[in-house]
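Engineer: Input structure: start_18.cif, which contains mmCIF, C-alpha atoms.
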```cif
data_model
loop_
_atom_site.group_PDB
_atom_site.id
_atom_site.type_symbol
_atom_site.label_atom_id
_atom_site.label_comp_id
_atom_site.auth_asym_id
_atom_site.auth_seq_id
_atom_site.Cartn_x
_atom_site.Cartn_y
_atom_site.Cartn_z
ATOM 1 C CA MET A 1 91.216 79.249 96.876
ATOM 2 C CA GLU A 2 94.321 80.662 98.480
ATOM 3 C CA GLN A 3 95.260 79.868 102.031
ATOM 4 C CA LYS A 4 97.308 82.311 104.102
ATOM 5 C CA SER A 5 97.869 81.870 107.808
ATOM 6 C CA ASN A 6 94.962 79.411 108.072
ATOM 7 C CA ILE A 7 92.580 81.985 106.512
ATOM 8 C CA ILE A 8 90.830 80.876 103.357
ATOM 9 C CA GLN A 9 90.490 83.640 100.760
ATOM 10 C CA VAL A 10 87.411 83.099 98.578
ATOM 11 C CA PRO A 11 87.437 84.993 95.266
ATOM 12 C CA VAL A 12 84.710 87.642 95.139
ATOM 13 C CA TRP A 13 83.080 86.041 92.091
ATOM 14 C CA ARG A 14 82.575 82.822 94.125
ATOM 15 C CA LYS A 15 81.019 84.449 97.193
ATOM 16 C CA TYR A 16 77.301 84.085 97.903
ATOM 17 C CA SER A 17 76.975 87.632 99.212
ATOM 18 C CA LEU A 18 79.045 90.800 98.975
ATOM 19 C CA SER A 19 79.515 93.657 101.389
ATOM 20 C CA VAL A 20 78.846 97.170 100.119
ATOM 21 C CA GLU A 21 82.592 97.691 99.718
ATOM 22 C CA GLU A 22 83.080 94.420 97.812
ATOM 23 C CA ALA A 23 80.059 95.116 95.589
ATOM 24 C CA ALA A 24 81.328 98.613 94.800
ATOM 25 C CA GLU A 25 84.671 97.264 93.669
ATOM 26 C CA TYR A 26 83.219 94.250 91.831
ATOM 27 C CA TYR A 27 80.452 96.079 89.936
ATOM 28 C CA GLY A 28 82.119 99.466 89.561
ATOM 29 C CA ILE A 29 79.248 101.204 91.341
ATOM 30 C CA GLY A 30 79.977 103.733 94.081
ATOM 31 C CA GLU A 31 79.340 102.802 97.700
ATOM 32 C CA LYS A 32 77.020 105.798 98.119
ATOM 33 C CA ARG A 33 74.894 104.690 95.143
ATOM 34 C CA LEU A 34 74.773 101.116 96.460
ATOM 35 C CA ARG A 35 73.553 102.382 99.835
ATOM 36 C CA ASN A 36 70.887 104.411 97.986
ATOM 37 C CA ILE A 37 69.835 101.248 96.132
ATOM 38 C CA VAL A 38 69.444 99.507 99.496
ATOM 39 C CA ALA A 39 67.283 102.401 100.750
ATOM 40 C CA GLU A 40 65.155 102.370 97.569
ATOM 41 C CA HIS A 41 64.845 98.585 97.217
ATOM 42 C CA GLY A 42 65.134 97.361 100.821
ATOM 43 C CA ASN A 43 62.509 94.642 100.328
ATOM 44 C CA GLU A 44 64.036 93.201 97.158
ATOM 45 C CA GLY A 45 65.386 89.657 97.162
ATOM 46 C CA PHE A 46 68.971 90.741 96.538
ATOM 47 C CA ILE A 47 69.333 92.456 99.943
ATOM 48 C CA LEU A 48 70.568 90.420 102.892
ATOM 49 C CA GLU A 49 70.651 92.055 106.312
ATOM 50 C CA ILE A 50 72.924 90.529 108.922
ATOM 51 C CA GLY A 51 72.377 92.521 112.082
ATOM 52 C CA SER A 52 73.135 96.102 111.124
ATOM 53 C CA HIS A 53 75.204 95.028 108.116
ATOM 54 C CA VAL A 54 73.848 94.953 104.572
ATOM 55 C CA ARG A 55 75.074 92.488 101.991
ATOM 56 C CA PHE A 56 74.115 91.923 98.364
ATOM 57 C CA LYS A 57 73.214 88.413 97.232
ATOM 58 C CA ARG A 58 75.577 88.373 94.271
ATOM 59 C CA ARG A 59 73.551 86.376 91.732
ATOM 60 C CA CYS A 60 70.233 88.026 92.638
ATOM 61 C CA PHE A 61 71.793 91.482 92.404
ATOM 62 C CA GLU A 62 73.267 90.615 89.009
ATOM 63 C CA GLU A 63 69.757 89.681 87.805
ATOM 64 C CA PHE A 64 68.507 93.045 89.082
ATOM 65 C CA LEU A 65 71.323 94.830 87.235
ATOM 66 C CA ASP A 66 70.617 92.858 84.045
ATOM 67 C CA LEU A 67 67.069 94.243 84.010
ATOM 68 C CA ALA A 68 68.014 97.788 85.017
ATOM 69 C CA THR A 69 68.283 100.480 82.368
ATOM 70 C CA ALA A 70 70.017 102.907 84.740
ATOM 71 C CA VAL A 71 71.692 102.575 88.114
#
```
Could you write out this file's structure as C-alpha coordinates?
Structural biologist:
Amino acid sequence: MEQKSNIIQVPVWRKYSLSVEEAAEYYGIGEKRLRNIVAEHGNEGFILEIGSHVRFKRRCFEEFLDLATAV
(Lines of atoms letter the chains of each structure in order from A and count residues from 1; the text may use other names and numbers.)
(Lines give C-alpha, C1' and ligand atoms only; values in the text may rest on other atoms or scores of the structure.)
Protein backbone atom coordinates (compact mmCIF):
# COMPACT_ATOMS: atom_id res chain seq x y z
CA MET A 1 0.00 0.00 0.00
CA GLU A 2 1.22 3.46 -0.88
CA GLN A 3 0.84 6.36 1.48
CA LYS A 4 0.58 9.92 0.18
CA SER A 5 -0.32 12.84 2.39
CA ASN A 6 -1.71 10.52 5.08
CA ILE A 7 -4.08 8.90 2.53
CA ILE A 8 -3.70 5.17 2.11
CA GLN A 9 -4.08 4.01 -1.50
CA VAL A 10 -5.41 0.44 -1.66
CA PRO A 11 -4.83 -1.35 -4.98
CA VAL A 12 -8.10 -2.08 -6.78
CA TRP A 13 -7.45 -5.83 -6.76
CA ARG A 14 -7.32 -5.73 -2.92
CA LYS A 15 -10.54 -3.77 -2.40
CA TYR A 16 -13.67 -5.49 -1.08
CA SER A 17 -15.99 -3.46 -3.29
CA LEU A 18 -15.59 -1.35 -6.41
CA SER A 19 -17.44 1.71 -7.61
CA VAL A 20 -18.95 1.61 -11.09
CA GLU A 21 -16.00 3.63 -12.39
CA GLU A 22 -13.42 1.35 -10.74
CA ALA A 23 -15.22 -1.79 -11.96
CA ALA A 24 -15.37 -0.43 -15.51
CA GLU A 25 -11.64 0.17 -15.56
CA TYR A 26 -10.75 -3.08 -13.76
CA TYR A 27 -12.97 -5.43 -15.80
CA GLY A 28 -12.92 -3.58 -19.11
CA ILE A 29 -16.71 -3.29 -19.13
CA GLY A 30 -18.35 0.05 -19.92
CA GLU A 31 -19.96 2.05 -17.14
CA LYS A 32 -23.28 2.09 -19.02
CA ARG A 33 -23.28 -1.73 -19.28
CA LEU A 34 -22.39 -2.06 -15.59
CA ARG A 35 -25.31 0.19 -14.67
CA ASN A 36 -27.55 -2.00 -16.86
CA ILE A 37 -26.28 -5.08 -15.02
CA VAL A 38 -27.24 -3.41 -11.73
CA ALA A 39 -30.73 -2.70 -13.11
CA GLU A 40 -31.11 -6.29 -14.39
CA HIS A 41 -29.59 -8.05 -11.36
CA GLY A 42 -30.33 -5.63 -8.50
CA ASN A 43 -31.07 -8.44 -6.04
CA GLU A 44 -27.91 -10.43 -6.76
CA GLY A 45 -25.31 -10.89 -4.04
CA PHE A 46 -22.64 -8.93 -5.89
CA ILE A 47 -24.49 -5.60 -5.60
CA LEU A 48 -23.86 -3.41 -2.57
CA GLU A 49 -25.91 -0.25 -2.16
CA ILE A 50 -24.51 2.46 0.09
CA GLY A 51 -27.12 5.19 0.18
CA SER A 52 -27.64 6.16 -3.44
CA HIS A 53 -24.28 4.73 -4.48
CA VAL A 54 -23.86 1.29 -6.04
CA ARG A 55 -20.75 -0.79 -5.55
CA PHE A 56 -19.77 -4.23 -6.82
CA LYS A 57 -18.52 -6.81 -4.33
CA ARG A 58 -15.38 -7.68 -6.26
CA ARG A 59 -15.10 -11.42 -5.57
CA CYS A 60 -18.84 -12.06 -5.89
CA PHE A 61 -18.97 -10.14 -9.17
CA GLU A 62 -16.01 -12.13 -10.48
CA GLU A 63 -17.93 -15.35 -9.73
CA PHE A 64 -20.90 -13.94 -11.64
CA LEU A 65 -18.64 -13.08 -14.59
CA ASP A 66 -17.04 -16.55 -14.49
CA LEU A 67 -20.47 -18.11 -15.05
CA ALA A 68 -21.64 -15.59 -17.64
CA THR A 69 -21.48 -16.47 -21.32
CA ALA A 70 -22.11 -12.87 -22.40
CA VAL A 71 -22.02 -9.52 -20.65
Engineer: Write out as a VMD selection string which residues come within 12 Å of segment 21-24 of chain A when counting all atoms listed in the file, dropping same-chain ones fewer than 2 positions away.
Structural biologist: chain A and resid 11 to 13 15 to 19 26 to 35 37 46 to 47 53 to 59 61 to 62
Engineer: Expressed in Å to a single decimal, how great is the separation between atom CA of Gly51 of chain A and atom CA of Leu65 of chain A?
Structural biologist: 25.0 Å
Engineer: Distance atom CA of Cys60 of chain A-atom CA of Ile7 of chain A, one decimal place?
Structural biologist: 27.0 Å
Engineer: Provide the atom CA of Arg14 of chain A to atom CA of Glu63 of chain A distance in Å, to one decimal place.
Structural biologist: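 Going from atom CA of Arg14 of chain A over to atom CA of Glu63 of chain A, I get 15.9 Å.
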Engineer: Reconstruct N, CA and C atoms of segment 34-63 of chain A from the incomplete input and present them as a PDB file, in the coordinates of the input.
Structural biologist:
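Contents of the output file part-v2.pdb:
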```
ATOM      1  N   LEU A  34      75.229 102.417  95.984  1.00  0.00           N
ATOM      2  CA  LEU A  34      74.773 101.116  96.460  1.00  0.00           C
ATOM      3  C   LEU A  34      73.932 101.258  97.727  1.00  0.00           C
ATOM      4  N   ARG A  35      74.339 102.154  98.610  1.00  0.00           N
ATOM      5  CA  ARG A  35      73.553 102.382  99.835  1.00  0.00           C
ATOM      6  C   ARG A  35      72.199 103.011  99.483  1.00  0.00           C
ATOM      7  N   ASN A  36      72.157 103.857  98.455  1.00  0.00           N
ATOM      8  CA  ASN A  36      70.887 104.411  97.986  1.00  0.00           C
ATOM      9  C   ASN A  36      69.995 103.310  97.406  1.00  0.00           C
ATOM     10  N   ILE A  37      70.589 102.375  96.688  1.00  0.00           N
ATOM     11  CA  ILE A  37      69.835 101.248  96.132  1.00  0.00           C
ATOM     12  C   ILE A  37      69.222 100.436  97.266  1.00  0.00           C
ATOM     13  N   VAL A  38      69.967 100.226  98.334  1.00  0.00           N
ATOM     14  CA  VAL A  38      69.444  99.507  99.496  1.00  0.00           C
ATOM     15  C   VAL A  38      68.256 100.264 100.078  1.00  0.00           C
ATOM     16  N   ALA A  39      68.373 101.589 100.200  1.00  0.00           N
ATOM     17  CA  ALA A  39      67.283 102.401 100.750  1.00  0.00           C
ATOM     18  C   ALA A  39      66.046 102.362  99.844  1.00  0.00           C
ATOM     19  N   GLU A  40      66.263 102.359  98.528  1.00  0.00           N
ATOM     20  CA  GLU A  40      65.155 102.370  97.569  1.00  0.00           C
ATOM     21  C   GLU A  40      64.521 101.000  97.372  1.00  0.00           C
ATOM     22  N   HIS A  41      65.302  99.952  97.518  1.00  0.00           N
ATOM     23  CA  HIS A  41      64.845  98.585  97.217  1.00  0.00           C
ATOM     24  C   HIS A  41      65.080  97.650  98.407  1.00  0.00           C
ATOM     25  N   GLY A  42      64.846  98.131  99.613  1.00  0.00           N
ATOM     26  CA  GLY A  42      65.134  97.361 100.821  1.00  0.00           C
ATOM     27  C   GLY A  42      64.420  96.030 100.929  1.00  0.00           C
ATOM     28  N   ASN A  43      63.277  95.889 100.250  1.00  0.00           N
ATOM     29  CA  ASN A  43      62.509  94.642 100.328  1.00  0.00           C
ATOM     30  C   ASN A  43      62.777  93.697  99.167  1.00  0.00           C
ATOM     31  N   GLU A  44      63.703  94.049  98.304  1.00  0.00           N
ATOM     32  CA  GLU A  44      64.036  93.201  97.158  1.00  0.00           C
ATOM     33  C   GLU A  44      64.798  91.958  97.629  1.00  0.00           C
ATOM     34  N   GLY A  45      64.751  90.926  96.815  1.00  0.00           N
ATOM     35  CA  GLY A  45      65.386  89.657  97.162  1.00  0.00           C
ATOM     36  C   GLY A  45      66.898  89.665  97.130  1.00  0.00           C
ATOM     37  N   PHE A  46      67.510  90.712  96.616  1.00  0.00           N
ATOM     38  CA  PHE A  46      68.971  90.741  96.538  1.00  0.00           C
ATOM     39  C   PHE A  46      69.623  91.354  97.773  1.00  0.00           C
ATOM     40  N   ILE A  47      68.806  91.855  98.720  1.00  0.00           N
ATOM     41  CA  ILE A  47      69.333  92.456  99.943  1.00  0.00           C
ATOM     42  C   ILE A  47      69.331  91.415 101.056  1.00  0.00           C
ATOM     43  N   LEU A  48      70.434  91.315 101.750  1.00  0.00           N
ATOM     44  CA  LEU A  48      70.568  90.420 102.892  1.00  0.00           C
ATOM     45  C   LEU A  48      71.059  91.249 104.066  1.00  0.00           C
ATOM     46  N   GLU A  49      70.258  91.303 105.124  1.00  0.00           N
ATOM     47  CA  GLU A  49      70.651  92.055 106.312  1.00  0.00           C
ATOM     48  C   GLU A  49      71.145  91.082 107.375  1.00  0.00           C
ATOM     49  N   ILE A  50      72.338  91.329 107.856  1.00  0.00           N
ATOM     50  CA  ILE A  50      72.924  90.529 108.922  1.00  0.00           C
ATOM     51  C   ILE A  50      73.199  91.494 110.067  1.00  0.00           C
ATOM     52  N   GLY A  51      72.289  91.525 111.020  1.00  0.00           N
ATOM     53  CA  GLY A  51      72.377  92.521 112.082  1.00  0.00           C
ATOM     54  C   GLY A  51      72.224  93.898 111.461  1.00  0.00           C
ATOM     55  N   SER A  52      73.186  94.757 111.705  1.00  0.00           N
ATOM     56  CA  SER A  52      73.135  96.102 111.124  1.00  0.00           C
ATOM     57  C   SER A  52      73.906  96.183 109.809  1.00  0.00           C
ATOM     58  N   HIS A  53      74.431  95.060 109.357  1.00  0.00           N
ATOM     59  CA  HIS A  53      75.204  95.028 108.116  1.00  0.00           C
ATOM     60  C   HIS A  53      74.332  94.630 106.935  1.00  0.00           C
ATOM     61  N   VAL A  54      74.576  95.258 105.808  1.00  0.00           N
ATOM     62  CA  VAL A  54      73.848  94.953 104.572  1.00  0.00           C
ATOM     63  C   VAL A  54      74.806  94.254 103.620  1.00  0.00           C
ATOM     64  N   ARG A  55      74.299  93.193 103.002  1.00  0.00           N
ATOM     65  CA  ARG A  55      75.074  92.488 101.991  1.00  0.00           C
ATOM     66  C   ARG A  55      74.186  92.297 100.766  1.00  0.00           C
ATOM     67  N   PHE A  56      74.820  92.153  99.617  1.00  0.00           N
ATOM     68  CA  PHE A  56      74.115  91.923  98.364  1.00  0.00           C
ATOM     69  C   PHE A  56      74.272  90.460  97.982  1.00  0.00           C
ATOM     70  N   LYS A  57      73.150  89.772  97.760  1.00  0.00           N
ATOM     71  CA  LYS A  57      73.214  88.413  97.232  1.00  0.00           C
ATOM     72  C   LYS A  57      73.689  88.558  95.787  1.00  0.00           C
ATOM     73  N   ARG A  58      74.891  88.088  95.530  1.00  0.00           N
ATOM     74  CA  ARG A  58      75.577  88.373  94.271  1.00  0.00           C
ATOM     75  C   ARG A  58      74.748  88.017  93.046  1.00  0.00           C
ATOM     76  N   ARG A  59      74.286  86.796  92.936  1.00  0.00           N
ATOM     77  CA  ARG A  59      73.551  86.376  91.732  1.00  0.00           C
ATOM     78  C   ARG A  59      72.231  87.119  91.585  1.00  0.00           C
ATOM     79  N   CYS A  60      71.512  87.300  92.686  1.00  0.00           N
ATOM     80  CA  CYS A  60      70.233  88.026  92.638  1.00  0.00           C
ATOM     81  C   CYS A  60      70.447  89.484  92.238  1.00  0.00           C
ATOM     82  N   PHE A  61      71.511  90.097  92.750  1.00  0.00           N
ATOM     83  CA  PHE A  61      71.793  91.482  92.404  1.00  0.00           C
ATOM     84  C   PHE A  61      72.194  91.598  90.935  1.00  0.00           C
ATOM     85  N   GLU A  62      72.907  90.608  90.429  1.00  0.00           N
ATOM     86  CA  GLU A  62      73.267  90.615  89.009  1.00  0.00           C
ATOM     87  C   GLU A  62      72.017  90.525  88.135  1.00  0.00           C
ATOM     88  N   GLU A  63      71.011  89.744  88.555  1.00  0.00           N
ATOM     89  CA  GLU A  63      69.757  89.681  87.805  1.00  0.00           C
ATOM     90  C   GLU A  63      69.058  91.036  87.829  1.00  0.00           C
TER      91      GLU A  63
END
```
